[in-house]
>>> print(open('coords-v1.txt').read())   # compact mmCIF, C-alpha atoms
# COMPACT_ATOMS: atom_id res chain seq x y z
CA MET A 1 3.06 -8.93 -28.40
CA PRO A 2 3.77 -5.18 -28.47
CA THR A 3 6.99 -3.69 -27.14
CA LYS A 4 7.54 -0.75 -24.82
CA LEU A 5 8.24 1.48 -27.84
CA GLU A 6 4.63 0.98 -28.99
CA ILE A 7 3.03 2.13 -25.73
CA PRO A 8 1.46 5.61 -25.79
CA THR A 9 3.04 7.79 -23.11
CA PRO A 10 2.98 8.66 -20.30
CA ALA A 11 2.35 5.09 -19.20
CA LEU A 12 2.80 2.98 -16.09
CA LEU A 13 5.16 0.03 -16.54
CA LEU A 14 5.86 -2.98 -14.34
CA ASP A 15 9.07 -4.96 -14.77
CA LEU A 16 7.81 -8.51 -14.23
CA ASP A 17 11.22 -9.96 -13.39
CA ALA A 18 11.74 -7.42 -10.61
CA PHE A 19 8.12 -7.65 -9.47
CA GLU A 20 8.23 -11.45 -9.17
CA ALA A 21 11.56 -11.31 -7.32
CA ASN A 22 10.05 -8.83 -4.85
CA LEU A 23 7.03 -11.07 -4.27
CA ARG A 24 9.27 -14.08 -3.55
CA LEU A 25 11.59 -12.16 -1.23
CA MET A 26 8.77 -10.84 0.96
CA ALA A 27 6.75 -14.05 0.97
CA ASP A 28 9.75 -16.21 1.87
CA HIS A 29 10.85 -13.85 4.65
CA VAL A 30 7.41 -13.60 6.26
CA LYS A 31 6.86 -17.36 6.04
CA ALA A 32 10.25 -18.06 7.62
CA SER A 33 9.38 -15.68 10.47
CA GLY A 34 6.19 -17.60 11.26
CA LYS A 35 4.05 -14.53 10.59
CA ARG A 36 1.27 -13.94 8.07
CA LEU A 37 1.33 -11.47 5.21
CA ARG A 38 -1.72 -9.35 4.39
CA PRO A 39 -0.20 -6.81 1.95
CA HIS A 40 -1.79 -3.42 1.43
CA ALA A 41 -3.51 -3.15 -1.95
CA LYS A 42 -3.75 0.63 -1.68
CA ALA A 43 -0.26 0.65 -3.19
CA HIS A 44 -1.42 -0.87 -6.48
CA LYS A 45 -5.27 -0.96 -6.59
CA CYS A 46 -4.86 -3.85 -9.03
CA VAL A 47 -6.74 -7.15 -8.85
CA GLU A 48 -4.10 -9.06 -10.82
CA ILE A 49 -1.34 -7.99 -8.44
CA ALA A 50 -3.51 -9.01 -5.47
CA ARG A 51 -4.09 -12.42 -7.05
CA ARG A 52 -0.36 -12.93 -7.48
CA GLN A 53 0.29 -11.89 -3.89
CA ILE A 54 -2.26 -14.46 -2.71
CA ALA A 55 -0.68 -17.10 -4.95
CA ALA A 56 2.70 -16.29 -3.36
CA GLY A 57 1.30 -17.01 0.12
CA ALA A 58 -0.51 -13.90 1.38
CA ILE A 59 -3.61 -14.61 3.51
CA GLY A 60 -5.52 -11.70 1.96
CA VAL A 61 -5.02 -8.02 1.27
CA CYS A 62 -5.55 -4.79 3.15
CA VAL A 63 -7.51 -1.96 1.56
CA ALA A 64 -7.72 1.72 2.46
CA THR A 65 -11.10 2.64 0.98
CA VAL A 66 -14.55 1.12 0.59
CA ALA A 67 -14.13 1.27 -3.20
CA GLU A 68 -10.96 -0.83 -2.93
CA ALA A 69 -12.80 -3.34 -0.73
CA GLU A 70 -15.61 -3.61 -3.27
CA LEU A 71 -13.16 -4.01 -6.15
CA MET A 72 -11.27 -6.83 -4.45
CA SER A 73 -14.44 -8.49 -3.20
CA ARG A 74 -16.00 -8.58 -6.69
CA ALA A 75 -12.83 -10.23 -7.96
CA GLY A 76 -12.99 -12.93 -5.28
CA ILE A 77 -9.90 -11.81 -3.35
CA PRO A 78 -10.14 -13.33 0.16
CA GLY A 79 -9.08 -12.03 3.56
CA LEU A 80 -9.94 -8.35 3.11
CA LEU A 81 -9.13 -5.87 5.89
CA LEU A 82 -10.23 -2.23 5.64
CA THR A 83 -7.50 -0.47 7.61
CA SER A 84 -9.22 2.94 7.78
CA PRO A 85 -11.89 3.72 10.39
CA LEU A 86 -15.22 4.85 8.94
CA ALA A 87 -17.74 7.34 10.30
CA ASP A 88 -20.45 6.96 7.65
CA PRO A 89 -23.14 4.29 8.17
CA LEU A 90 -23.79 4.11 4.42
CA LYS A 91 -20.14 3.28 3.76
CA MET A 92 -20.23 0.80 6.61
CA SER A 93 -23.11 -1.05 4.92
CA ARG A 94 -21.09 -1.23 1.71
CA VAL A 95 -17.96 -2.62 3.34
CA ILE A 96 -20.05 -5.17 5.25
CA ALA A 97 -21.53 -6.28 1.92
CA ALA A 98 -17.97 -6.63 0.59
CA GLY A 99 -17.19 -9.05 3.44
CA ALA A 100 -14.19 -7.19 4.82
CA MET A 101 -12.85 -7.18 8.35
CA VAL A 102 -12.93 -3.60 9.69
CA VAL A 103 -11.27 -1.35 12.26
CA VAL A 104 -12.81 1.07 14.74
CA ASP A 105 -11.32 3.67 17.08
CA HIS A 106 -14.47 4.95 18.86
CA VAL A 107 -17.48 3.37 20.55
CA ASP A 108 -19.85 5.25 18.24
CA GLN A 109 -18.42 3.36 15.28
CA VAL A 110 -19.18 0.11 17.09
CA GLY A 111 -22.85 1.06 17.32
CA TRP A 112 -23.01 2.14 13.68
CA TYR A 113 -21.38 -1.06 12.44
CA ASN A 114 -23.65 -3.21 14.58
CA ALA A 115 -26.73 -1.43 13.22
CA ALA A 116 -25.46 -1.73 9.64
CA ALA A 117 -24.82 -5.47 10.06
CA ARG A 118 -28.26 -6.10 11.56
CA SER A 119 -30.15 -5.78 8.27
CA PRO A 120 -28.25 -8.48 6.35
CA ASP A 121 -27.84 -10.43 9.62
CA ARG A 122 -24.07 -10.59 9.30
CA THR A 123 -21.32 -11.05 11.86
CA VAL A 124 -18.54 -8.57 11.18
CA ASP A 125 -14.97 -9.16 12.36
CA VAL A 126 -13.59 -6.05 14.04
CA LEU A 127 -10.14 -4.84 15.08
CA ILE A 128 -9.46 -1.87 17.33
CA ASP A 129 -7.24 0.65 15.59
CA LEU A 130 -4.65 2.07 18.00
CA ASP A 131 -2.86 5.40 17.90
CA VAL A 132 0.73 4.25 18.29
CA GLY A 133 2.28 7.69 17.96
CA ASP A 134 1.22 9.32 14.70
CA HIS A 135 -2.06 10.80 16.01
CA ARG A 136 -3.78 10.21 12.67
CA THR A 137 -6.36 7.62 13.71
CA GLY A 138 -6.67 5.12 16.52
CA ALA A 139 -7.79 4.82 20.12
CA SER A 140 -5.65 7.24 22.10
CA SER A 141 -5.22 5.14 25.25
CA THR A 142 -5.52 1.64 26.64
CA ALA A 143 -8.54 2.79 28.63
CA GLN A 144 -10.31 3.86 25.46
CA ALA A 145 -9.40 0.59 23.74
CA ILE A 146 -10.91 -1.35 26.66
CA GLU A 147 -14.10 0.71 26.40
CA ILE A 148 -14.31 -0.08 22.67
CA ALA A 149 -13.61 -3.79 23.25
CA LYS A 150 -16.44 -3.98 25.79
CA ALA A 151 -18.80 -2.33 23.31
CA ILE A 152 -17.82 -4.78 20.57
CA ASP A 153 -18.31 -7.69 22.96
CA GLN A 154 -21.84 -6.51 23.68
CA ALA A 155 -22.72 -5.96 19.99
CA ALA A 156 -24.75 -8.86 18.63
CA HIS A 157 -23.42 -8.57 15.08
CA LEU A 158 -19.74 -7.87 15.76
CA ARG A 159 -16.84 -10.11 16.73
CA PHE A 160 -13.68 -8.73 18.33
CA ARG A 161 -10.57 -10.17 16.63
CA GLY A 162 -7.66 -8.08 17.83
CA LEU A 163 -5.68 -4.89 17.26
CA GLN A 164 -4.15 -2.78 14.53
CA GLY A 165 -1.04 -0.75 15.31
CA TYR A 166 0.32 0.91 12.19
CA SER A 167 3.18 3.40 12.49
CA VAL A 168 3.40 5.94 9.67
CA SER A 169 6.62 7.32 11.14
CA GLY A 170 8.20 3.90 11.42
CA SER A 171 7.84 3.15 7.73
CA HIS A 172 10.09 5.96 6.49
CA THR A 173 12.43 6.86 9.36
CA ALA A 174 15.94 7.10 7.93
CA GLY A 175 18.58 4.69 9.25
CA ILE A 176 17.99 1.14 10.40
CA PRO A 177 18.63 1.73 14.15
CA ALA A 178 16.30 4.74 14.27
CA ARG A 179 13.64 3.00 12.18
CA ARG A 180 13.82 -0.06 14.43
CA GLN A 181 13.44 2.11 17.53
CA VAL A 182 10.37 3.93 16.18
CA SER A 183 8.65 0.75 15.01
CA GLU A 184 9.43 -1.22 18.15
CA ASN A 185 8.18 1.62 20.36
CA ALA A 186 4.96 1.73 18.35
CA PHE A 187 4.35 -1.98 18.67
CA HIS A 188 5.31 -2.05 22.34
CA SER A 189 2.52 0.47 22.92
CA ALA A 190 0.12 -1.86 21.09
CA ILE A 191 1.41 -4.87 23.01
CA ALA A 192 0.75 -3.13 26.32
CA THR A 193 -2.87 -2.57 25.27
CA ARG A 194 -3.13 -6.17 24.07
CA ASP A 195 -1.86 -7.45 27.42
CA ALA A 196 -4.41 -5.33 29.29
CA LEU A 197 -7.22 -6.69 27.12
CA THR A 198 -5.99 -10.25 27.52
CA HIS A 199 -5.95 -9.78 31.29
CA LEU A 200 -9.64 -8.82 31.11
CA GLY A 201 -10.45 -11.98 29.16
CA PHE A 202 -10.62 -10.57 25.63
CA SER A 203 -9.23 -12.70 22.81
CA THR A 204 -6.69 -10.71 20.80
CA GLY A 205 -5.54 -13.17 18.19
CA ILE A 206 -4.51 -10.54 15.63
CA LEU A 207 -1.92 -7.81 16.02
CA THR A 208 -1.43 -6.34 12.58
CA GLY A 209 0.59 -3.44 11.22
CA GLY A 210 4.03 -2.84 9.84
CA SER A 211 5.16 -1.66 6.43
CA THR A 212 7.63 -2.25 3.64
CA GLY A 213 10.10 -0.03 5.48
CA THR A 214 9.99 -2.21 8.60
CA TRP A 215 9.60 -5.56 6.84
CA ASP A 216 12.67 -7.07 8.53
CA ILE A 217 12.07 -5.36 11.90
CA ASP A 218 8.44 -6.16 12.79
CA THR A 219 8.76 -9.82 11.87
CA HIS A 220 11.18 -10.23 14.77
CA LEU A 221 8.60 -9.11 17.34
CA PRO A 222 6.93 -12.27 18.69
CA GLU A 223 3.62 -10.55 19.49
CA VAL A 224 3.08 -9.28 15.93
CA THR A 225 0.96 -11.74 13.94
CA GLU A 226 0.84 -10.20 10.46
CA LEU A 227 2.51 -7.64 8.24
CA GLN A 228 0.66 -5.03 6.13
CA ALA A 229 3.54 -4.08 3.80
CA GLY A 230 2.22 -2.59 0.57
CA SER A 231 4.90 -0.97 -1.59
CA TYR A 232 7.38 -3.87 -1.79
CA PRO A 233 6.12 -5.37 -5.11
CA LEU A 234 6.53 -2.01 -6.88
CA MET A 235 9.04 0.09 -4.93
CA ASP A 236 9.67 3.80 -5.36
CA LEU A 237 12.39 6.36 -4.73
CA ALA A 238 11.29 7.08 -1.16
CA TYR A 239 11.68 3.46 -0.09
CA GLY A 240 14.73 3.04 -2.31
CA LYS A 241 16.49 5.74 -0.31
CA LEU A 242 16.18 3.48 2.75
CA GLY A 243 18.42 0.89 1.10
CA LEU A 244 15.83 -1.90 1.09
CA PRO A 245 16.66 -5.04 -0.93
CA PHE A 246 13.55 -4.87 -3.12
CA ARG A 247 14.00 -3.95 -6.77
CA HIS A 248 12.44 -0.98 -8.55
CA ALA A 249 9.72 -2.69 -10.57
CA LEU A 250 7.46 0.30 -11.26
CA THR A 251 8.39 3.02 -13.74
CA VAL A 252 6.63 5.69 -15.76
CA LEU A 253 7.44 5.65 -19.46
CA THR A 254 7.72 9.06 -21.15
CA THR A 255 8.66 10.44 -24.56
CA VAL A 256 11.12 13.24 -25.31
CA ILE A 257 8.80 15.77 -26.99
CA SER A 258 11.18 18.72 -27.29
CA ALA A 259 14.96 18.82 -27.60
CA ASN A 260 15.78 22.35 -28.73
CA HIS A 261 18.07 23.43 -25.89
CA ASP A 262 21.55 22.42 -24.82
CA GLY A 263 21.64 20.59 -21.52
CA PHE A 264 18.00 19.58 -21.17
CA VAL A 265 15.01 18.07 -22.94
CA SER A 266 11.27 18.15 -22.28
CA VAL A 267 9.28 14.95 -21.67
CA ASP A 268 5.53 14.36 -21.62
CA GLY A 269 5.44 13.51 -17.92
CA GLY A 270 4.59 16.26 -15.43
CA PHE A 271 2.41 16.79 -12.39
CA LYS A 272 -0.29 14.51 -13.83
CA ALA A 273 2.16 11.64 -14.41
CA PHE A 274 3.92 11.37 -11.04
CA SER A 275 3.16 11.78 -7.36
CA THR A 276 4.15 15.20 -6.03
CA ASP A 277 4.02 14.55 -2.29
CA ARG A 278 7.75 14.01 -1.79
CA PRO A 279 10.47 16.69 -1.57
CA PHE A 280 12.12 15.21 -4.67
CA GLY A 281 11.01 14.39 -8.19
CA PRO A 282 11.27 11.19 -10.24
CA GLU A 283 14.58 9.69 -11.31
CA ALA A 284 15.42 8.77 -14.91
CA VAL A 285 16.52 5.19 -15.54
CA GLY A 286 19.69 4.73 -17.56
CA VAL A 287 20.46 8.45 -17.92
CA PRO A 288 23.44 8.98 -15.59
CA GLY A 289 24.01 12.46 -14.22
CA SER A 290 20.47 13.58 -15.06
CA THR A 291 18.05 15.56 -12.89
CA TYR A 292 14.31 15.91 -13.36
CA ARG A 293 12.50 19.25 -12.96
CA TRP A 294 8.74 19.82 -12.94
CA GLY A 295 7.55 21.62 -16.08
CA GLY A 296 3.77 21.72 -15.61
CA ASP A 297 0.76 19.45 -15.72
CA GLU A 298 1.90 17.57 -18.83
CA PHE A 299 5.60 18.43 -18.98
CA GLY A 300 8.88 17.71 -17.25
CA TYR A 301 12.44 18.82 -17.91
CA LEU A 302 15.37 16.43 -17.80
CA ASP A 303 18.72 18.14 -17.27
CA CYS A 304 21.42 15.82 -18.58
CA PRO A 305 24.99 15.99 -19.91
CA THR A 306 24.08 14.04 -23.04
CA ARG A 307 20.87 15.25 -24.64
CA PRO A 308 18.47 12.35 -25.44
CA LYS A 309 17.08 12.40 -28.97
CA LEU A 310 13.67 13.77 -29.93
CA GLY A 311 11.09 10.98 -29.80
CA GLY A 312 13.24 8.86 -27.52
CA LYS A 313 11.67 6.97 -24.61
CA ILE A 314 12.78 7.52 -21.00
CA GLU A 315 11.58 5.58 -17.94
CA PHE A 316 11.37 7.24 -14.54
CA ILE A 317 11.19 5.75 -11.04
CA PRO A 318 8.37 7.65 -9.28
CA PRO A 319 8.91 9.37 -5.92
CA HIS A 320 5.96 7.56 -4.28
CA CYS A 321 4.29 4.55 -5.87
CA ASP A 322 0.80 4.68 -4.30
CA PRO A 323 -0.33 8.13 -5.53
CA THR A 324 1.47 7.57 -8.84
CA VAL A 325 -0.46 4.37 -9.57
CA ASN A 326 -3.65 6.22 -8.63
CA LEU A 327 -3.15 8.49 -11.66
CA TYR A 328 -3.45 5.64 -14.17
CA ASP A 329 -6.11 3.16 -15.29
CA ARG A 330 -3.75 0.40 -16.42
CA ILE A 331 -0.35 -1.16 -15.82
CA TYR A 332 1.72 -2.50 -18.71
CA ALA A 333 3.32 -5.69 -17.36
CA CYS A 334 6.59 -6.10 -19.26
CA ARG A 335 9.18 -8.84 -19.56
CA ARG A 336 12.21 -6.83 -20.55
CA GLU A 337 11.13 -4.96 -23.73
CA VAL A 338 7.98 -6.97 -24.43
CA VAL A 339 4.53 -6.19 -23.01
CA GLU A 340 3.19 -9.52 -21.70
CA SER A 341 -0.12 -8.22 -20.39
CA VAL A 342 -2.09 -5.11 -19.49
CA TRP A 343 -3.64 -5.05 -16.00
CA PRO A 344 -6.50 -2.74 -15.01
CA VAL A 345 -6.05 -0.35 -12.08
CA LYS A 346 -9.09 0.51 -9.91
CA SER A 347 -11.22 -1.76 -12.11
CA SER A 348 -11.66 -5.47 -12.75
CA ALA A 349 -11.66 -4.83 -16.51
CA LEU A 350 -10.08 -2.31 -18.83
CA PRO A 351 -12.40 0.41 -20.13
CA LEU A 352 -13.79 -0.07 -23.63
>>> encode(input="coords-v1.txt", output="structure tokens")
Amino acid sequence: MPTKLEIPTPALLLDLDAFEANLRLMADHVKASGKRLRPHAKAHKCVEIARRQIAAGAIGVCVATVAEAELMSRAGIPGLLLTSPLADPLKMSRVIAAGAMVVVDHVDQVGWYNAAARSPDRTVDVLIDLDVGDHRTGASSTAQAIEIAKAIDQAAHLRFRGLQGYSVSGSHTAGIPARRQVSENAFHSAIATRDALTHLGFSTGILTGGSTGTWDIDTHLPEVTELQAGSYPLMDLAYGKLGLPFRHALTVLTTVISANHDGFVSVDGGFKAFSTDRPFGPEAVGVPGSTYRWGGDEFGYLDCPTRPKLGGKIEFIPPHCDPTVNLYDRIYACRREVVESVWPVKSSALPL
């Protein structure tokens, strides 16, 4: 098997020991809490990782896009949930064909989904997406959620299954007390809507949401039925700054391509190698006292007291794992220095 030193850079690496430890930690915690785990595959877009999450006890995976739903469906991954509302009947037909459960936040979407499901004569499981404080998507009030539930109940090809209440703010709020307060407030809003629907006779068996950042908060809420955490198998700097117990399994491997100046070197990892949506850059592994600076599309600078040698390899923890993974077509799954396997990203097979 090849080693890390033989991988062309920049490349996406996965430390299998850390990855497997992260899978066990989350799966054991969620199982002990009596909840279900439906992790978000948008973090990795990788069929092999989804398979291993299912093998560890997950009931399925969440997806953010129709393309992700189709990828996972073709690979036979069960229990798909598309967590994003759609407003395109053509996309709705595709996600119905993929067999995913869907979310809606407007009565018009109910009608479109029902019409799309009529042709293949399918029954589509539907959740109502709730705005629990972020104002990104979701029904904006309990009254609107009730209106949507009534429309689903009257739709011949749809089946109402429950609610989604995902808090973007809750996932990254700094400090455990503040993060707990934000997440609990978000879910309490969803619980109030659930109670109102239950009072009207609607069955709300699913209340899904939560994130890696609130993994040990949301599982203590009795009304929450499942967790959508996505980043925990990989981890990144943003979540690492919250002090979570998951290990950094995902890194980007780079090569020192220029070392002509005192105090810094240039590596072949720039804007096209890492996510750029955080107010900080990547962090070098095993280079104490170093700081990364953006150098362009293909370049980065590493300021460091001891200058790494030309041609040397440096791994970086990315600022945000999801958009970093999205830049690559494969993950090199490594056991220490050895590459055990290469897993496709956004595809069920590596390109020829």
>>> atom_distance(input="coords-v1.txt", atom1="atom CA of Cys62 of chain A", atom2="atom CA of Ser211 of chain A")
11.6 Å
>>> closest_residue(input="coords-v1.txt", among="A:Lys346, A:Pro288, A:Ser258, A:Phe246", to="Ala69 of chain A", atoms="only C-alpha atoms")
A:Lys346
>>> closest_residue(input="coords-v1.txt", among="A:Gly205, A:Gly165, A:Pro305, A:Gly138", to="Asp262 of chain A", atoms="all atoms listed in the file")
A:Pro305
>>> residues_around(input="coords-v1.txt", residues="segment 15-31 of chain A", least_positions_apart="5", cutoff="8 Å", atoms="all atoms listed in the file", output="list in words")
Arg36, Leu37, Gln53, Ala56, Gly57, Ala58, Trp215, Thr219, Leu227, Tyr232, Pro233, Leu234, Phe246, Arg247, His248, Ala249, Leu250, Ala333, Cys334, Arg335 and Arg336 of chain A
>>> closest_residue(input="coords-v1.txt", among="A:Ala273, A:Met92, A:Ile317, A:Val224", to="Val287 of chain A", atoms="only C-alpha atoms")
A:Ile317
>>> residues_around(input="coords-v1.txt", residues="segment 121-125 of chain A", least_positions_apart="6", cutoff="10 Å", atoms="only C-alpha atoms", output="list in words")
Leu81, Val95, Ile96, Ala97, Gly99, Ala100, Met101, Val102, Val103, Tyr113, Asn114, Ala115, Ile152, Ala155, Ala156, His157, Leu158, Arg159, Phe160, Arg161 and Gly162 of chain A
>>> residues_around(input="coords-v1.txt", residues="Thr208 of chain A", least_positions_apart="4", cutoff="10 Å", atoms="only C-alpha atoms", output="VMD selection string")
chain A and resid 36 to 38 83 127 129 162 to 166 187 190 218 223 to 228
>>> closest_residue(input="coords-v1.txt", among="A:Thr306, A:Asn260, A:Ser231, A:Thr142", to="Ile49 of chain A", atoms="only C-alpha atoms")
A:Ser231
>>> residues_around(input="coords-v1.txt", residues="Asp322 of chain A", least_positions_apart="6", cutoff="8 Å", atoms="only C-alpha atoms", output="list in words")
Lys42, Ala43, His44 and Ser231 of chain A
>>> atom_distance(input="coords-v1.txt", atom1="atom CA of Val256 of chain A", atom2="atom CA of Pro308 of chain A")
7.4 Å
>>> closest_residue(input="coords-v1.txt", among="A:Thr251, A:Thr193, A:Gln181, A:Gln154", to="Leu130 of chain A", atoms="only C-alpha atoms")
A:Thr193
>>> atom_distance(input="coords-v1.txt", atom1="atom CA of Trp343 of chain A", atom2="atom CA of Phe299 of chain A")
25.4 Å
>>> closest_residue(input="coords-v1.txt", among="A:Thr276, A:Ser347, A:Ser119, A:Thr291", to="Lys45 of chain A", atoms="all atoms listed in the file")
A:Ser347
>>> axis_aligned_box(input="coords-v1.txt", around="segment 207-218 of chain A", padding_each_side="4 Å", output="AutoDock Vina command-line options")
--center_x 5.4 --center_y -3.9 --center_z 9.8 --size_x 22.6 --size_y 15.8 --size_z 20.4
